[in-house]
Structure formats: structure tokens, C-alpha cells
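Visitor: This is the structure, below, for whatever I ask next.
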Amino acid sequence: MALPPEWAPQRAIWTAFPSHPELWGADLAPARAEVAELVRTLRQTVRVEVLAHGAEAVAAAEAATGVKARNMAFGDIWLRDTGPVFLSSTRAAAFRFNGWGGKYTLPGDADLADRLAGAAEAGLSRYDLVCEGGALDHDGRGLAVTTEQCLLNPNRNPGLAKADVERVLKIALGIRRLVWLGEGLAGDHTDGHVDNLARFAAPGTLLVPVPAGPDDPNRAAFEDARRRAAAAGLLVLDMPSAGRLEADGEIRPASYMNFVIANGQVVVPLYGAANDGAAVRALRRAFPGHRVTGLPANHLLAGGGSFHCITQQQPEHGP
């Protein structure tokens, strides 16, 4: 049985509330506000489970979201990568987590998948592969996409070939076919997570951004992804690119692809960019049976990610 797609019925969505002032600095309060607005939107159609670390963060999360938070230790809020991958409401898989190639090793992240699966009352199977949830996207029929930049990176799985990676993913997640894209977004500290680059909208149908203009820092990555997806026989749908966003002289990995799907709705991050409205319209075309909402995410982006990065869905059913 294949891993359920994100648009399948969900029992819950798990997320985390920014809890560490030393990590977030001046962005802590506005990032909390962005997460709270996301939670309030998602809970209109799905139960949202919120993790917060420490008494102050728990109180702040409950006041901002209206959800009773779970006090649980974690390094930071990127549950897509540090949490388990739910195969069903009662089964989950987890891989080795090494801090995105050793760049950010924080207490509470390495064993978070075990503790979160326990809180979800889901049995957990672990696999000896370094892989984060954001490195994969899947269509519910055994087809998945990833990037060579991430899963073949020497800082993840040195010495492993594509066939080795595919073998573990087939056993762990029921993936029957893995399409390899190339490079991810410029400035992405995750080394090219595919959930910033390309996402499924339906079985065999992949959303890939179109470069925003000649100065789009991801022009080559987008064009290469489109070529590879088409060559693999996938139907490619256009998504806008957020274009070049910089802060303190550095390119930020701003992407509308980091949307989250939840029981009849899609929530897409917005950045105050020229293509914000076009991104919402494109997702309405791609998900005609879903309500599409755009919410601000600039302060989450300052922390390195966005809505998909901080969420993990728990299917209502599954294999």
C-alpha cells in the first residue's frame, strides 16, 4: 500500500510553536503570530496538535491559538523534518536526523520522532537512512519526488547510490517509483528540500514554479526540475515563483511551494512579493475542491522555512 497523499483525509496536523528566544531573536514574537494565524486557519477543518517547549511558550501558544498545547522538548519548530512520517493514523516511520547535514544539531531533535509518535499513539519503525520529511513529496499512488542535492549529499548519506536510497524508501514508505530532481532553492539551508521546489497536486501531476524574471535566483533550478519531471512522464503545472527576496545581503529561500494541505483547504505562505496573488490563484486552479488561503510568513522565513516545514499530517486512514 502507498503512503497516503497529503490531500487524503487527516486525523490531525501536528505543528510546533516558536519557543526558543535564543534561536529567533527579534523574530520570535512576529513568528509566533504567523504560526498562531496558521493554526487558527487550519483548525477550521482539522484537529491541530501544537507542541511548545517550556511553561512560557505553552502559555503563549494557548493564548494565541486557542489550542491546548503539549509541553514537549524540541530543538526548533521544523516538525516536517524532525518528526515522524505518518503512514496511517496508527503507524509511522522515522529516519536518522543529523541536523540537516550537521549544520544545526539541537537538543531534543534526534529523538523527537519517537516522542511525537508516542503522543500520537502511533507505532514507529526506524530506518537507517538520513532523510527529512521535507526532502520528499508523494502522490498517494507510490510515486515520489526528491532532489539529488539533498539525499545524495555527502553530508547526509556518504557512499550511498540512488539505488541504495530508493531501496530504503521503498521498504519504509511503500514508494514504488522515485523521480530525482536536481538542485533546490538558493539559500535553502536544508540542501534543496523538494517541498520548496516541486509538489504534487494530484497523482502524476507536479506543480513547478516558473521563474519570476531574469534575476530570479532559482531560474536554473526551476527549469531543470521542469525538464526532469516532464522526461519522467509527469504532468507539469505552472506555479509562480516568489522571485528574488533578500535580507542582510543574503538570498532567502522564499517559496509558494511550501503550502500545507488540510482536509479541504490549502494554506500558502505569502511574502509581500509581486506574485503573492498569482500564487493563491494558481493553487485554486490546482486544487479546485479546496479553499485556498494566503497568510504572511516572512518571519518564519527568517528562521529558514515556512508552513509545510513546521507541520506534519497524521492521516485518518492509510496502508
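To be explicit about the labels: the chains of the C-alpha cells are called A, B, and onward in the order shown, and within each one the residues are counted from 1, while ligands get numbers from 1 in the order they are shown.
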Which polymer residues have any atom within 7 Å of an atom of Ala12 of chain A, counting only C-alpha atoms, with same-chain residues fewer than 6 positions away left out, as a PyMOL selection string?
Guide: chain A and resi 46-49+313-314
Visitor: Keeping only N, CA and C atoms, write those residues as a PDB file, in the first residue's frame.
Guide:
```pdb
ATOM      1  N   VAL A  46      -9.482  20.735  10.537  1.00  0.00           N
ATOM      2  CA  VAL A  46      -8.724  19.595  11.037  1.00  0.00           C
ATOM      3  C   VAL A  46      -8.296  19.869  12.474  1.00  0.00           C
ATOM      4  N   ARG A  47      -8.167  18.816  13.267  1.00  0.00           N
ATOM      5  CA  ARG A  47      -7.636  18.973  14.617  1.00  0.00           C
ATOM      6  C   ARG A  47      -6.147  19.318  14.524  1.00  0.00           C
ATOM      7  N   VAL A  48      -5.729  20.328  15.246  1.00  0.00           N
ATOM      8  CA  VAL A  48      -4.334  20.742  15.233  1.00  0.00           C
ATOM      9  C   VAL A  48      -3.718  20.455  16.596  1.00  0.00           C
ATOM     10  N   GLU A  49      -2.632  19.714  16.588  1.00  0.00           N
ATOM     11  CA  GLU A  49      -1.875  19.411  17.802  1.00  0.00           C
ATOM     12  C   GLU A  49      -0.647  20.321  17.832  1.00  0.00           C
ATOM     13  N   GLN A 313       1.254  15.940   8.788  1.00  0.00           N
ATOM     14  CA  GLN A 313      -0.107  15.434   8.819  1.00  0.00           C
ATOM     15  C   GLN A 313      -0.158  13.998   9.315  1.00  0.00           C
ATOM     16  N   GLN A 314      -1.218  13.675  10.045  1.00  0.00           N
ATOM     17  CA  GLN A 314      -1.494  12.315  10.504  1.00  0.00           C
ATOM     18  C   GLN A 314      -2.765  11.859   9.782  1.00  0.00           C
TER      19      GLN A 314
END
```
Visitor: Against segment 280-285 of chain A, which residues of segment 202-274 of chain A fall within 9 Å? For each one I want the closest pair of atoms and the distance in Å (one decimal), counting only C-alpha atoms, rows by chain and increasing residue number, as CSV.
Guide:
```
residue,atom,partner,partner_atom,distance
A:Asp238,CA,A:Ala282,CA,7.7
A:Met239,CA,A:Ala282,CA,6.2
A:Pro240,CA,A:Ala282,CA,7.6
A:Tyr256,CA,A:Val280,CA,8.8
A:Val266,CA,A:Leu283,CA,7.9
A:Val267,CA,A:Val280,CA,8.9
A:Val268,CA,A:Val280,CA,7.1
A:Leu270,CA,A:Val280,CA,9.0
```
Visitor: Of the candidates A:Ala274, A:Ala144, A:Leu42, A:Val260, which one gets nearest to Cys309 of chain A if we count only C-alpha atoms?
Guide: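 For Cys309 of chain A, the nearest of the given residues is A:Val260.
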Visitor: Grab the atom CA of Gly184 of chain A to atom CA of Gly159 of chain A distance for me, in Å with one decimal place.
Guide: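 About the pair atom CA of Gly184 of chain A and atom CA of Gly159 of chain A: they are 20.9 Å apart.
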Visitor: Could you tell me which of A:Asp191, A:Asp215, A:Glu56, A:Glu6 comes closest to Asn155 of chain A if we count only C-alpha atoms?
Guide: A:Asp191
Visitor: For His189 of chain A, list every protein, DNA or RNA residue within 9 Å, evaluated using only C-alpha atoms, and leave out those in the same chain fewer than 6 positions away; present the list as a list in words.
Guide: Trp100, Lys103, Pro253 and Gly304 of chain A
Visitor: Under the rule that only C-alpha atoms are counted, which of A:Asp188, A:Glu316, A:Glu246, A:Glu223 is the nearest residue to Gly134 of chain A?
Guide: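 Among the listed residues, A:Asp188 lies closest to Gly134 of chain A.
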Visitor: Would you list the contacts of Ile77 of chain A as a short mmCIF file (atom, residue, chain, number, x, y, z; two decimals) with N, CA, C and O atoms, in the first residue's frame, taking every protein, DNA or RNA residue within 12 Å and counting only C-alpha atoms, but skipping same-chain residues closer than 3 positions in sequence?
Guide:
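The resulting file, result-v1.cif, is shown below:
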```cif
data_model
loop_
_atom_site.label_atom_id
_atom_site.label_comp_id
_atom_site.auth_asym_id
_atom_site.auth_seq_id
_atom_site.Cartn_x
_atom_site.Cartn_y
_atom_site.Cartn_z
N TRP A 14 0.10 18.07 13.09
CA TRP A 14 0.99 18.40 14.20
C TRP A 14 1.87 19.58 13.79
O TRP A 14 2.36 19.65 12.67
N THR A 15 2.04 20.51 14.71
CA THR A 15 2.91 21.65 14.46
C THR A 15 3.58 22.07 15.76
O THR A 15 3.30 21.50 16.82
N ALA A 16 4.48 23.02 15.67
CA ALA A 16 5.21 23.48 16.85
C ALA A 16 5.22 25.00 16.90
O ALA A 16 5.20 25.67 15.86
N PHE A 17 5.26 25.52 18.13
CA PHE A 17 5.20 26.95 18.38
C PHE A 17 6.61 27.45 18.69
O PHE A 17 7.32 26.84 19.50
N PRO A 18 7.06 28.54 18.07
CA PRO A 18 8.41 29.05 18.35
C PRO A 18 8.61 29.26 19.84
O PRO A 18 7.85 30.00 20.48
N SER A 19 9.62 28.61 20.40
CA SER A 19 9.77 28.53 21.85
C SER A 19 11.13 28.96 22.37
O SER A 19 11.32 29.03 23.58
N HIS A 20 12.08 29.23 21.49
CA HIS A 20 13.46 29.47 21.91
C HIS A 20 13.91 30.88 21.51
O HIS A 20 14.28 31.11 20.36
N LEU A 23 17.13 31.34 19.54
CA LEU A 23 17.15 30.99 18.12
C LEU A 23 16.45 32.04 17.26
O LEU A 23 16.87 32.29 16.13
N TRP A 24 15.39 32.64 17.79
CA TRP A 24 14.54 33.51 16.98
C TRP A 24 14.85 34.99 17.15
O TRP A 24 14.56 35.78 16.25
N LEU A 28 11.00 36.42 17.19
CA LEU A 28 10.21 35.48 17.99
C LEU A 28 8.74 35.85 18.04
O LEU A 28 7.87 35.04 17.69
N ALA A 31 7.02 35.77 14.54
CA ALA A 31 6.93 34.39 14.06
C ALA A 31 5.83 33.66 14.81
O ALA A 31 5.08 32.86 14.22
N ARG A 32 5.72 33.90 16.10
CA ARG A 32 4.63 33.30 16.87
C ARG A 32 3.27 33.73 16.33
O ARG A 32 2.34 32.92 16.24
N VAL A 35 2.57 31.72 13.17
CA VAL A 35 2.19 30.34 13.47
C VAL A 35 0.77 30.29 14.04
O VAL A 35 -0.03 29.42 13.68
N VAL A 50 -0.53 21.12 18.88
CA VAL A 50 0.54 22.12 18.97
C VAL A 50 1.54 21.72 20.05
O VAL A 50 1.16 21.49 21.20
N LEU A 51 2.81 21.64 19.67
CA LEU A 51 3.89 21.43 20.63
C LEU A 51 4.49 22.77 21.00
O LEU A 51 4.66 23.66 20.15
N ALA A 52 4.83 22.94 22.26
CA ALA A 52 5.58 24.10 22.73
C ALA A 52 6.57 23.62 23.79
O ALA A 52 6.31 22.63 24.48
N HIS A 53 7.69 24.31 23.92
CA HIS A 53 8.74 23.84 24.83
C HIS A 53 8.90 24.85 25.97
O HIS A 53 9.37 25.97 25.75
N MET A 72 6.55 19.80 25.15
CA MET A 72 7.46 18.76 24.67
C MET A 72 8.76 19.40 24.21
O MET A 72 8.74 20.43 23.52
N ALA A 73 9.87 18.82 24.58
CA ALA A 73 11.18 19.35 24.17
C ALA A 73 11.42 19.13 22.69
O ALA A 73 11.14 18.05 22.15
N PHE A 74 11.93 20.15 22.02
CA PHE A 74 12.36 20.02 20.63
C PHE A 74 13.42 21.08 20.37
O PHE A 74 13.50 22.08 21.07
N ARG A 80 8.30 18.86 10.11
CA ARG A 80 8.29 18.10 8.86
C ARG A 80 9.56 17.25 8.77
O ARG A 80 9.55 16.16 8.20
N ASP A 81 10.64 17.76 9.33
CA ASP A 81 11.93 17.10 9.22
C ASP A 81 12.31 16.28 10.45
O ASP A 81 12.93 15.23 10.33
N THR A 82 11.97 16.78 11.63
CA THR A 82 12.38 16.10 12.86
C THR A 82 11.34 15.13 13.39
O THR A 82 11.66 14.24 14.17
N GLY A 83 10.08 15.29 12.97
CA GLY A 83 9.02 14.41 13.42
C GLY A 83 8.94 13.16 12.56
O GLY A 83 9.70 12.98 11.60
N LEU A 106 20.55 20.37 17.43
CA LEU A 106 19.95 20.99 18.60
C LEU A 106 19.39 19.92 19.53
O LEU A 106 18.83 18.92 19.07
N GLY A 108 17.02 17.72 21.64
CA GLY A 108 15.59 17.45 21.52
C GLY A 108 15.13 17.08 20.14
O GLY A 108 13.98 16.67 19.96
N ASP A 109 15.98 17.21 19.13
CA ASP A 109 15.56 16.90 17.76
C ASP A 109 15.76 15.43 17.39
O ASP A 109 14.93 14.84 16.69
N LEU A 112 12.91 13.25 18.66
CA LEU A 112 11.57 13.83 18.67
C LEU A 112 10.57 12.92 17.96
O LEU A 112 9.41 12.81 18.38
N LEU A 300 8.70 33.60 9.70
CA LEU A 300 9.08 32.19 9.66
C LEU A 300 10.21 31.98 8.66
O LEU A 300 11.15 31.21 8.91
N GLY A 303 13.56 32.38 9.90
CA GLY A 303 14.07 31.23 10.63
C GLY A 303 14.49 30.09 9.73
O GLY A 303 15.04 29.09 10.21
N GLY A 304 14.20 30.20 8.43
CA GLY A 304 14.68 29.21 7.48
C GLY A 304 13.63 28.37 6.79
O GLY A 304 13.96 27.53 5.96
N GLY A 305 12.32 28.56 7.11
CA GLY A 305 11.32 27.71 6.48
C GLY A 305 9.96 28.37 6.43
O GLY A 305 9.84 29.58 6.56
N SER A 306 8.92 27.55 6.26
CA SER A 306 7.58 28.10 6.19
C SER A 306 6.56 27.05 6.63
O SER A 306 6.87 26.15 7.39
N PHE A 307 5.33 27.14 6.11
CA PHE A 307 4.20 26.39 6.67
C PHE A 307 4.36 24.88 6.54
O PHE A 307 4.05 24.14 7.48
N HIS A 308 4.78 24.40 5.39
CA HIS A 308 4.94 22.95 5.24
C HIS A 308 6.05 22.44 6.14
O HIS A 308 5.95 21.34 6.70
N CYS A 309 7.09 23.23 6.32
CA CYS A 309 8.23 22.82 7.15
C CYS A 309 7.84 22.61 8.61
O CYS A 309 8.47 21.82 9.30
N ILE A 310 6.82 23.33 9.09
CA ILE A 310 6.50 23.26 10.51
C ILE A 310 5.30 22.37 10.81
O ILE A 310 4.82 22.34 11.94
N THR A 311 4.82 21.64 9.81
CA THR A 311 3.64 20.80 10.00
C THR A 311 3.94 19.36 9.58
O THR A 311 4.84 19.10 8.79
N GLN A 312 3.15 18.45 10.15
CA GLN A 312 3.21 17.05 9.72
C GLN A 312 1.82 16.46 9.87
O GLN A 312 1.22 16.50 10.95
#
```
Visitor: Measure the distance from atom CA of Pro217 of chain A to atom CA of Leu237 of chain A in Å and round it to one decimal.
Guide: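 Here the two named atoms are 20.3 Å from each other.
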